[in-house]
Amino acid sequence: MELGADTKAVLLLAAAMFLWALLLGVWKYQQIVESEESQAHPYVDIAHRAALLYSFALLLVATFVELSGWSTLVNLLAAGALAFYFFAAVAGYMVHGWRRDTDNQFHDPVGGLHAFMLALILAEIGGWLALVAGFIDRQLL
């Protein structure tokens with residue numbers, strides 16, 4: 001079975017996210033070992049867990065890309081929107097973990113955080129709905 005180029009791209013993103021999660025796990029472990037409380041910074045923990053979850057979410061996205069009736073371009077745009085915000089979220093969590101500047105990024109948010117969150121919500125839900133619609137179009141209709 002030959003996978004579509006769009007599916008291959010999303011699978012590579014899933015692989016990259018999983019590797020990132022594994023590397024974040026090393027950082028988390030290092031912080032746990034060095035901490036008097038045997039705990040990593042909350043945002044290092046969040047980054048690690050989010051990357052793990054997003055890597056598997058990207059496998060789900062790849063499945064819907066492969067089974068979609070939409071064009072490669074539409075599938076890449078929808079999946080790319082999801083992936084972009086998955087990666088951006090983990091990067092943001094890493095920054096807070098590295099800086100150790102907060103345990104809740106919404107208490108004293110940096111400029112643009114709420115706009116970023118709105119864009120994330122629209123892109124992730126919109127991208128997912130586009131892929132589900134493509135699946136329904138090709139597989140159920």
# chains A, B, ... in the order shown; residues from 1 in each chain; ligands from 1

call {"tool": "residues_around", "arguments": {"residues": "Ile32 (chain A)", "least_positions_apart": "5", "cutoff": "12 Å", "atoms": "only C-alpha atoms", "output": "MDAnalysis selection string"}}
result
chainID A and resid 25:27 37:42 44:45

call {"tool": "select_by_dssp", "arguments": {"residues": "chain A", "states": "alpha helix (DSSP H)", "output": "PyMOL selection string"}}
result
chain A and resi 5-34+42-66+72-99+113-135

call {"tool": "write_last_selection", "arguments": {"atoms": "C-alpha atoms", "output": "mmCIF file, in the first residue's frame"}}
result
data_model
loop_
_atom_site.group_PDB
_atom_site.id
_atom_site.type_symbol
_atom_site.label_atom_id
_atom_site.label_comp_id
_atom_site.auth_asym_id
_atom_site.auth_seq_id
_atom_site.Cartn_x
_atom_site.Cartn_y
_atom_site.Cartn_z
ATOM 1 C CA ALA A 5 2.457 12.382 0.383
ATOM 2 C CA ASP A 6 0.194 14.254 2.804
ATOM 3 C CA THR A 7 -0.052 11.204 5.063
ATOM 4 C CA LYS A 8 3.701 10.658 4.946
ATOM 5 C CA ALA A 9 4.262 14.283 5.953
ATOM 6 C CA VAL A 10 1.965 13.978 8.966
ATOM 7 C CA LEU A 11 3.568 10.678 9.998
ATOM 8 C CA LEU A 12 6.978 12.363 9.923
ATOM 9 C CA LEU A 13 5.575 15.129 12.129
ATOM 10 C CA ALA A 14 4.252 12.474 14.524
ATOM 11 C CA ALA A 15 7.696 10.855 14.610
ATOM 12 C CA ALA A 16 9.367 14.214 15.283
ATOM 13 C CA MET A 17 6.895 15.018 18.062
ATOM 14 C CA PHE A 18 7.440 11.607 19.670
ATOM 15 C CA LEU A 19 11.214 12.089 19.582
ATOM 16 C CA TRP A 20 10.746 15.535 21.102
ATOM 17 C CA ALA A 21 8.635 13.960 23.858
ATOM 18 C CA LEU A 22 11.357 11.420 24.582
ATOM 19 C CA LEU A 23 13.979 14.155 24.810
ATOM 20 C CA LEU A 24 11.713 16.203 27.063
ATOM 21 C CA GLY A 25 11.452 13.117 29.260
ATOM 22 C CA VAL A 26 15.216 13.208 29.745
ATOM 23 C CA TRP A 27 15.017 16.883 30.739
ATOM 24 C CA LYS A 28 12.137 16.094 33.113
ATOM 25 C CA TYR A 29 14.110 13.232 34.666
ATOM 26 C CA GLN A 30 17.152 15.483 35.104
ATOM 27 C CA GLN A 31 15.060 18.062 36.938
ATOM 28 C CA ILE A 32 13.463 15.399 39.131
ATOM 29 C CA VAL A 33 16.873 14.039 40.140
ATOM 30 C CA GLU A 34 18.271 17.508 40.864
ATOM 31 C CA PRO A 42 5.386 22.103 36.194
ATOM 32 C CA TYR A 43 5.885 23.369 32.632
ATOM 33 C CA VAL A 44 8.635 20.840 31.922
ATOM 34 C CA ASP A 45 6.173 18.166 33.010
ATOM 35 C CA ILE A 46 3.414 19.735 30.899
ATOM 36 C CA ALA A 47 5.687 19.978 27.841
ATOM 37 C CA HIS A 48 6.656 16.312 28.174
ATOM 38 C CA ARG A 49 3.090 15.080 28.576
ATOM 39 C CA ALA A 50 1.711 17.343 25.859
ATOM 40 C CA ALA A 51 4.340 16.191 23.369
ATOM 41 C CA LEU A 52 3.514 12.557 24.124
ATOM 42 C CA LEU A 53 -0.195 13.160 23.629
ATOM 43 C CA TYR A 54 0.295 15.276 20.512
ATOM 44 C CA SER A 55 2.492 12.605 18.926
ATOM 45 C CA PHE A 56 -0.354 10.120 19.157
ATOM 46 C CA ALA A 57 -2.896 12.740 18.123
ATOM 47 C CA LEU A 58 -0.849 13.239 14.968
ATOM 48 C CA LEU A 59 -1.201 9.514 14.224
ATOM 49 C CA LEU A 60 -4.967 9.985 14.365
ATOM 50 C CA VAL A 61 -4.663 13.029 12.109
ATOM 51 C CA ALA A 62 -2.548 10.998 9.646
ATOM 52 C CA THR A 63 -5.220 8.309 9.537
ATOM 53 C CA PHE A 64 -7.912 10.828 8.666
ATOM 54 C CA VAL A 65 -5.634 12.459 6.088
ATOM 55 C CA GLU A 66 -5.098 9.111 4.393
ATOM 56 C CA THR A 72 -3.498 16.711 -0.891
ATOM 57 C CA LEU A 73 -3.356 20.496 -0.497
ATOM 58 C CA VAL A 74 -6.541 20.681 1.595
ATOM 59 C CA ASN A 75 -5.377 17.784 3.758
ATOM 60 C CA LEU A 76 -1.944 19.362 4.255
ATOM 61 C CA LEU A 77 -3.454 22.721 5.192
ATOM 62 C CA ALA A 78 -5.840 21.151 7.707
ATOM 63 C CA ALA A 79 -3.240 18.812 9.211
ATOM 64 C CA GLY A 80 -0.578 21.510 9.071
ATOM 65 C CA ALA A 81 -2.757 23.886 11.092
ATOM 66 C CA LEU A 82 -3.171 21.251 13.775
ATOM 67 C CA ALA A 83 0.504 20.322 13.776
ATOM 68 C CA PHE A 84 1.701 23.935 13.833
ATOM 69 C CA TYR A 85 -0.237 24.683 17.008
ATOM 70 C CA PHE A 86 0.705 21.354 18.607
ATOM 71 C CA PHE A 87 4.388 22.181 18.119
ATOM 72 C CA ALA A 88 3.928 25.819 19.133
ATOM 73 C CA ALA A 89 2.177 24.843 22.354
ATOM 74 C CA VAL A 90 4.963 22.458 23.381
ATOM 75 C CA ALA A 91 7.561 25.128 22.563
ATOM 76 C CA GLY A 92 5.691 27.627 24.728
ATOM 77 C CA TYR A 93 5.559 25.184 27.608
ATOM 78 C CA MET A 94 9.284 24.572 27.224
ATOM 79 C CA VAL A 95 10.017 28.289 27.446
ATOM 80 C CA HIS A 96 8.146 28.517 30.751
ATOM 81 C CA GLY A 97 9.910 25.399 32.005
ATOM 82 C CA TRP A 98 13.302 26.752 30.973
ATOM 83 C CA ARG A 99 12.688 30.178 32.472
ATOM 84 C CA LEU A 113 -1.390 34.905 24.606
ATOM 85 C CA HIS A 114 -5.164 35.195 24.337
ATOM 86 C CA ALA A 115 -4.952 35.945 20.594
ATOM 87 C CA PHE A 116 -2.686 32.907 20.204
ATOM 88 C CA MET A 117 -5.183 30.770 22.115
ATOM 89 C CA LEU A 118 -8.070 31.949 19.932
ATOM 90 C CA ALA A 119 -6.072 31.188 16.779
ATOM 91 C CA LEU A 120 -5.124 27.790 18.214
ATOM 92 C CA ILE A 121 -8.762 26.963 18.976
ATOM 93 C CA LEU A 122 -9.939 27.966 15.512
ATOM 94 C CA ALA A 123 -7.089 26.225 13.670
ATOM 95 C CA GLU A 124 -7.231 22.982 15.636
ATOM 96 C CA ILE A 125 -11.004 22.587 15.614
ATOM 97 C CA GLY A 126 -11.321 23.855 12.039
ATOM 98 C CA GLY A 127 -8.514 21.625 10.789
ATOM 99 C CA TRP A 128 -9.971 18.605 12.528
ATOM 100 C CA LEU A 129 -13.482 19.253 11.205
ATOM 101 C CA ALA A 130 -12.093 19.610 7.679
ATOM 102 C CA LEU A 131 -10.393 16.221 7.957
ATOM 103 C CA VAL A 132 -13.497 14.576 9.414
ATOM 104 C CA ALA A 133 -15.580 16.063 6.584
ATOM 105 C CA GLY A 134 -13.079 14.655 4.080
ATOM 106 C CA PHE A 135 -13.367 11.249 5.720
#

call {"tool": "atom_distance", "arguments": {"atom1": "CA of Gln105 (chain A)", "atom2": "CA of Ser35 (chain A)"}}
result
21.7 Å

call {"tool": "atom_distance", "arguments": {"atom1": "CA of His107 (chain A)", "atom2": "CA of Glu36 (chain A)"}}
result
25.5 Å

call {"tool": "atom_distance", "arguments": {"atom1": "CA of Arg138 (chain A)", "atom2": "CA of Gly4 (chain A)"}}
result
14.7 Å
